[in-house]
Amino acid sequence: MDTVTQRSAKRLVLRMSYGKDNFAADRRAANKVIAAAPEVILMARENRGFIQRAVRFLAREAGIRQFLDIGSGLPTQGNVHEIAQAEAPDARVVYVDNDPKVLARSRALKTTEAKNTSVITADLREPDVILNHPDTRAQIDFDQPMAILLVAVLHFIDDETDPYGIVAHLRDAMAPGSYLVINHATADPRPDNAGGAREVYKNTKYPATHRTHHQVERFFDGVDLIDPGVVCISEWRPDTETDITPEEVWIIGGVGRKPTVD
Ligand SMILES: C[S@@+](CC[C@H](N)C(=O)[O-])C[C@H]1O[C@@H](n2cnc3c(N)ncnc32)[C@H](O)[C@@H]1O
């Protein structure tokens with residue numbers, strides 16, 4: 001990749017992953033990840049598309065009005081509250097991230113002042129802290145259907161931390177008729193490039209764990225996967241026909257609905 005292309009690629013990854021406002025450490029990490037796996041540029045864009053299609057589906061077709069977005073990242077374009085409230089102005093959103101920069105930047109960009117929107121600093125590894133946080137309780141009525149989003153975050157939870165137990169705990173806190181939105185990096189289609197990206201993350205505070213299709217599907221235990229199931233995120237209810245392949249976008253995910261009790 002020539003220098004100019006490399007620069008614009010980095011800007012794109014930063015904008016998609018970290019928003020317009022990013023930090024020196026983000027820029028260094030982005031450089032290394034792009035060098036190891038140039039397709040991350042496309043993956044970052046497709047990831048935003050997946051979130052937006054999933055939230056639009058939930059607000060428009062499933063009637064969901066409450067969203068808990070865990071590992072939300074820095075505010076960027078097409079944030080969950082913007083998508084949901086464009087469909088349903090009364091939609092309520094709580095953003096959760098363990099990086100305090102997310103709250104600081106959200107305050108600076110006035111996301112925290114958006115209607116029915118809260119941003120909290122908490123860790124996915126302590127789900128009860130998230131569920132019982134006063135701001136979560138103020139926005140979310142756990143007796144009513146809701147959606148929990150775990151987008152591009154579960155691969156930062158290693159097996160020793162019991163990611164399946166954490167997801168099950170969150171699922172159990174939701175009312176019947178609620179939804180889980182999960183996507184996850186997988187090494188299956190591109191073990192070489194995924195391994196390179198994993199090497200970069202190994203030296204950060206978030207080492208990545210790539211999981212197989214079967215292992216990602218297991219996160220949906222106890223909910224009913226809606227069509228088309230767990231697939232390459234570009235193939236999850238695309239707005240237009242896509243020719244993007246799982247080798248180009250090695251993130252898989254889906255949406256599941258917690259069954260209602262008869
Ligand atoms: C790759 S970004 C994904 C952001 C957003 N969900 C998206 O898909 O555009 C991962 C985010 O998860 C956050 N994160 C990582 N581990 C976390 C944890 N244990 N608890 C909460 N947030 C976490 C990071 O700080 C980062 O903002």
# chains A, B, ... in the order shown; residues from 1 in each chain; ligands from 1
call {"tool": "residues_near_ligand", "arguments": {"ligand": "ligand 1", "cutoff": "8 Å", "atoms": "only C-alpha atoms and all ligand atoms", "output": "ChimeraX atom specification"}}
result
/A:16-18,44,47-48,51,69-74,96-99,102,121-125,149-154,156-157,206
call {"tool": "write_last_selection", "arguments": {"atoms": "N, CA, C and O atoms", "output": "short mmCIF file (atom, residue, chain, number, x, y, z; two decimals), in the first residue's frame"}}
result
data_model
loop_
_atom_site.label_atom_id
_atom_site.label_comp_id
_atom_site.auth_asym_id
_atom_site.auth_seq_id
_atom_site.Cartn_x
_atom_site.Cartn_y
_atom_site.Cartn_z
N MET A 16 -14.14 4.85 11.61
CA MET A 16 -15.14 3.81 11.79
C MET A 16 -15.04 3.18 13.18
O MET A 16 -16.03 2.86 13.81
N SER A 17 -13.81 3.00 13.68
CA SER A 17 -13.65 2.28 14.94
C SER A 17 -13.69 3.22 16.13
O SER A 17 -14.17 2.86 17.20
N TYR A 18 -13.15 4.38 15.97
CA TYR A 18 -12.98 5.25 17.12
C TYR A 18 -13.67 6.60 16.95
O TYR A 18 -13.58 7.46 17.82
N ALA A 44 -14.35 -2.64 9.52
CA ALA A 44 -14.84 -1.57 10.39
C ALA A 44 -16.10 -0.96 9.81
O ALA A 44 -17.08 -0.70 10.51
N ASN A 47 -18.97 -3.39 10.08
CA ASN A 47 -19.43 -3.51 11.47
C ASN A 47 -20.44 -2.41 11.80
O ASN A 47 -21.47 -2.66 12.42
N ARG A 48 -20.15 -1.19 11.36
CA ARG A 48 -21.12 -0.10 11.60
C ARG A 48 -22.42 -0.41 10.88
O ARG A 48 -23.51 -0.17 11.39
N ILE A 51 -24.47 -2.94 12.89
CA ILE A 51 -25.13 -2.33 14.06
C ILE A 51 -26.37 -1.57 13.60
O ILE A 51 -27.45 -1.68 14.18
N ASP A 69 -26.14 -0.94 25.18
CA ASP A 69 -25.05 -1.18 24.23
C ASP A 69 -23.75 -1.29 25.03
O ASP A 69 -23.20 -0.28 25.47
N ILE A 70 -23.26 -2.51 25.21
CA ILE A 70 -22.09 -2.75 26.08
C ILE A 70 -20.83 -2.93 25.24
O ILE A 70 -20.79 -3.74 24.32
N GLY A 71 -19.79 -2.13 25.57
CA GLY A 71 -18.59 -2.08 24.74
C GLY A 71 -18.90 -1.20 23.55
O GLY A 71 -18.58 -1.51 22.41
N SER A 72 -19.53 -0.06 23.86
CA SER A 72 -20.11 0.79 22.81
C SER A 72 -19.05 1.53 22.00
O SER A 72 -19.29 1.88 20.85
N GLY A 73 -17.87 1.79 22.59
CA GLY A 73 -16.83 2.52 21.88
C GLY A 73 -17.09 4.01 21.85
O GLY A 73 -18.11 4.50 22.34
N LEU A 74 -16.13 4.73 21.29
CA LEU A 74 -16.27 6.18 21.19
C LEU A 74 -17.42 6.53 20.27
O LEU A 74 -17.66 5.82 19.29
N VAL A 96 -22.38 1.64 27.42
CA VAL A 96 -21.49 1.18 28.50
C VAL A 96 -20.13 0.87 27.89
O VAL A 96 -20.05 0.16 26.88
N ASP A 97 -19.09 1.39 28.50
CA ASP A 97 -17.74 1.02 28.06
C ASP A 97 -16.84 1.10 29.28
O ASP A 97 -17.07 1.91 30.16
N ASN A 98 -15.82 0.23 29.32
CA ASN A 98 -14.92 0.29 30.48
C ASN A 98 -13.79 1.29 30.28
O ASN A 98 -12.99 1.49 31.18
N ASP A 99 -13.74 1.90 29.12
CA ASP A 99 -12.72 2.91 28.86
C ASP A 99 -13.30 4.29 29.22
O ASP A 99 -14.23 4.76 28.57
N VAL A 102 -14.39 7.02 26.76
CA VAL A 102 -15.68 6.99 26.04
C VAL A 102 -16.65 7.97 26.69
O VAL A 102 -17.30 8.77 26.01
N THR A 121 -19.48 4.30 32.63
CA THR A 121 -18.22 3.58 32.59
C THR A 121 -18.38 2.35 33.48
O THR A 121 -18.58 2.48 34.69
N ALA A 122 -18.34 1.18 32.87
CA ALA A 122 -18.47 -0.07 33.63
C ALA A 122 -17.91 -1.19 32.76
O ALA A 122 -17.67 -1.01 31.56
N ASP A 123 -17.71 -2.34 33.39
CA ASP A 123 -17.01 -3.44 32.72
C ASP A 123 -17.95 -4.61 32.47
O ASP A 123 -18.66 -5.05 33.38
N LEU A 124 -17.91 -5.12 31.26
CA LEU A 124 -18.73 -6.27 30.88
C LEU A 124 -18.48 -7.46 31.81
O LEU A 124 -19.35 -8.29 32.03
N ARG A 125 -17.25 -7.52 32.36
CA ARG A 125 -16.93 -8.66 33.25
C ARG A 125 -17.63 -8.56 34.59
O ARG A 125 -17.59 -9.49 35.38
N LEU A 149 -26.81 -5.13 23.26
CA LEU A 149 -25.86 -5.22 22.16
C LEU A 149 -24.47 -5.53 22.71
O LEU A 149 -23.99 -4.83 23.62
N LEU A 150 -23.87 -6.57 22.17
CA LEU A 150 -22.47 -6.92 22.50
C LEU A 150 -21.75 -7.00 21.16
O LEU A 150 -21.58 -8.09 20.58
N VAL A 151 -21.42 -5.85 20.63
CA VAL A 151 -20.91 -5.78 19.26
C VAL A 151 -19.40 -5.53 19.29
O VAL A 151 -18.94 -4.54 19.86
N ALA A 152 -18.66 -6.46 18.70
CA ALA A 152 -17.20 -6.35 18.61
C ALA A 152 -16.57 -6.16 19.98
O ALA A 152 -15.62 -5.40 20.13
N VAL A 153 -17.08 -6.84 20.99
CA VAL A 153 -16.51 -6.72 22.33
C VAL A 153 -16.24 -8.08 22.97
O VAL A 153 -15.27 -8.22 23.72
N LEU A 154 -17.05 -9.11 22.63
CA LEU A 154 -16.87 -10.39 23.34
C LEU A 154 -15.52 -11.04 23.03
O LEU A 154 -15.02 -11.83 23.82
N PHE A 156 -12.86 -9.68 23.29
CA PHE A 156 -11.90 -9.17 24.26
C PHE A 156 -12.08 -9.81 25.64
O PHE A 156 -11.43 -9.42 26.60
N ILE A 157 -12.99 -10.77 25.73
CA ILE A 157 -13.20 -11.49 26.99
C ILE A 157 -12.64 -12.90 26.81
O ILE A 157 -13.14 -13.67 25.99
N TYR A 206 -6.21 -5.15 25.76
CA TYR A 206 -7.31 -6.00 25.30
C TYR A 206 -6.81 -7.11 24.37
O TYR A 206 -7.01 -7.04 23.15
#
call {"tool": "select_by_dssp", "arguments": {"residues": "region 94-144 of chain A", "states": "helix (DSSP H, G or I)", "output": "count of residues only"}}
result
24
call {"tool": "residues_around", "arguments": {"residues": "region 179-186 of chain A", "least_positions_apart": "4", "cutoff": "8 Å", "atoms": "only C-alpha atoms", "output": "JSON, numbers by chain"}}
result
{"A": [54, 145, 146, 147, 148, 149, 150, 151, 152, 153, 154, 155, 171, 194, 210, 211, 212, 213, 216, 219, 220, 223, 233, 250, 251, 252, 253, 254, 255, 256, 257, 258]}
call {"tool": "select_by_dssp", "arguments": {"residues": "region 95-170 of chain A", "states": "strand (DSSP E or B)", "output": "PyMOL selection string"}}
result
chain A and resi 95-97+117-121+147-151
call {"tool": "write_last_selection", "arguments": {"atoms": "all heavy atoms", "output": "CSV table (one decimal), in the first residue's frame"}}
result
chain,number,residue,atom,x,y,z
A,95,TYR,N,-25.3,3.5,26.9
A,95,TYR,CA,-24.0,3.1,26.4
A,95,TYR,C,-23.1,2.8,27.6
A,95,TYR,O,-23.1,3.5,28.6
A,95,TYR,CB,-23.3,4.2,25.6
A,95,TYR,CG,-24.0,4.6,24.3
A,95,TYR,CD1,-24.7,5.9,24.2
A,95,TYR,CD2,-24.0,3.8,23.2
A,95,TYR,CE1,-25.3,6.3,23.0
A,95,TYR,CE2,-24.7,4.2,22.0
A,95,TYR,CZ,-25.3,5.4,21.9
A,95,TYR,OH,-25.9,5.8,20.8
A,96,VAL,N,-22.4,1.6,27.4
A,96,VAL,CA,-21.5,1.2,28.5
A,96,VAL,C,-20.1,0.9,27.9
A,96,VAL,O,-20.1,0.2,26.9
A,96,VAL,CB,-22.0,-0.1,29.1
A,96,VAL,CG1,-21.1,-0.6,30.3
A,96,VAL,CG2,-23.5,0.0,29.6
A,97,ASP,N,-19.1,1.4,28.5
A,97,ASP,CA,-17.7,1.0,28.1
A,97,ASP,C,-16.8,1.1,29.3
A,97,ASP,O,-17.1,1.9,30.2
A,97,ASP,CB,-17.2,2.0,27.0
A,97,ASP,CG,-16.2,1.3,26.1
A,97,ASP,OD1,-15.0,1.2,26.6
A,97,ASP,OD2,-16.5,0.9,24.9
A,117,THR,N,-30.8,9.3,26.7
A,117,THR,CA,-29.5,8.6,26.4
A,117,THR,C,-28.5,8.8,27.6
A,117,THR,O,-28.4,9.9,28.1
A,117,THR,CB,-28.8,9.2,25.1
A,117,THR,OG1,-29.8,9.0,24.0
A,117,THR,CG2,-27.6,8.5,24.8
A,118,SER,N,-27.9,7.7,28.0
A,118,SER,CA,-27.0,7.7,29.1
A,118,SER,C,-25.7,7.0,28.7
A,118,SER,O,-25.7,6.1,27.9
A,118,SER,CB,-27.5,7.1,30.4
A,118,SER,OG,-28.6,7.7,30.9
A,119,VAL,N,-24.6,7.5,29.3
A,119,VAL,CA,-23.3,6.8,29.0
A,119,VAL,C,-22.7,6.5,30.4
A,119,VAL,O,-22.5,7.4,31.2
A,119,VAL,CB,-22.3,7.8,28.2
A,119,VAL,CG1,-21.0,7.0,27.9
A,119,VAL,CG2,-23.0,8.3,26.9
A,120,ILE,N,-22.3,5.2,30.6
A,120,ILE,CA,-21.7,4.9,31.8
A,120,ILE,C,-20.4,4.2,31.6
A,120,ILE,O,-20.2,3.5,30.6
A,120,ILE,CB,-22.6,4.1,32.8
A,120,ILE,CG1,-22.9,2.7,32.1
A,120,ILE,CG2,-23.9,4.8,33.0
A,120,ILE,CD1,-23.8,1.8,33.1
A,121,THR,N,-19.5,4.3,32.6
A,121,THR,CA,-18.2,3.6,32.6
A,121,THR,C,-18.4,2.3,33.5
A,121,THR,O,-18.6,2.5,34.7
A,121,THR,CB,-17.1,4.5,33.1
A,121,THR,OG1,-17.0,5.7,32.3
A,121,THR,CG2,-15.7,3.8,33.0
A,147,ALA,N,-33.2,-4.6,24.2
A,147,ALA,CA,-32.1,-5.3,23.5
A,147,ALA,C,-30.8,-5.0,24.2
A,147,ALA,O,-30.6,-3.9,24.6
A,147,ALA,CB,-32.1,-4.7,22.0
A,148,ILE,N,-30.0,-6.1,24.2
A,148,ILE,CA,-28.6,-5.9,24.7
A,148,ILE,C,-27.7,-6.1,23.5
A,148,ILE,O,-27.8,-7.1,22.8
A,148,ILE,CB,-28.3,-6.9,25.8
A,148,ILE,CG1,-29.1,-6.5,27.1
A,148,ILE,CG2,-26.8,-6.8,26.1
A,148,ILE,CD1,-28.8,-7.3,28.3
A,149,LEU,N,-26.8,-5.1,23.3
A,149,LEU,CA,-25.9,-5.2,22.2
A,149,LEU,C,-24.5,-5.5,22.7
A,149,LEU,O,-24.0,-4.8,23.6
A,149,LEU,CB,-25.8,-3.9,21.4
A,149,LEU,CG,-26.9,-3.6,20.4
A,149,LEU,CD1,-28.2,-3.2,21.1
A,149,LEU,CD2,-26.5,-2.4,19.5
A,150,LEU,N,-23.9,-6.6,22.2
A,150,LEU,CA,-22.5,-6.9,22.5
A,150,LEU,C,-21.8,-7.0,21.2
A,150,LEU,O,-21.6,-8.1,20.6
A,150,LEU,CB,-22.4,-8.2,23.2
A,150,LEU,CG,-23.1,-8.2,24.6
A,150,LEU,CD1,-23.4,-9.7,25.1
A,150,LEU,CD2,-22.3,-7.5,25.6
A,151,VAL,N,-21.4,-5.8,20.6
A,151,VAL,CA,-20.9,-5.8,19.3
A,151,VAL,C,-19.4,-5.5,19.3
A,151,VAL,O,-18.9,-4.5,19.9
A,151,VAL,CB,-21.6,-4.7,18.5
A,151,VAL,CG1,-21.1,-4.5,17.1
A,151,VAL,CG2,-23.1,-4.9,18.4
call {"tool": "closest_residue", "arguments": {"among": "A:Gly196, A:Asp221, A:Arg56, A:Asp239", "to": "Ala35 (chain A)", "atoms": "only C-alpha atoms"}}
result
A:Gly196
call {"tool": "closest_residue", "arguments": {"among": "A:Asp26, A:Asp141, A:Asp227, A:Asp135", "to": "Ala175 (chain A)", "atoms": "only C-alpha atoms"}}
result
A:Asp141
call {"tool": "atom_distance", "arguments": {"atom1": "CA of Arg237 (chain A)", "atom2": "CA of Leu58 (chain A)"}}
result
12.3 Å
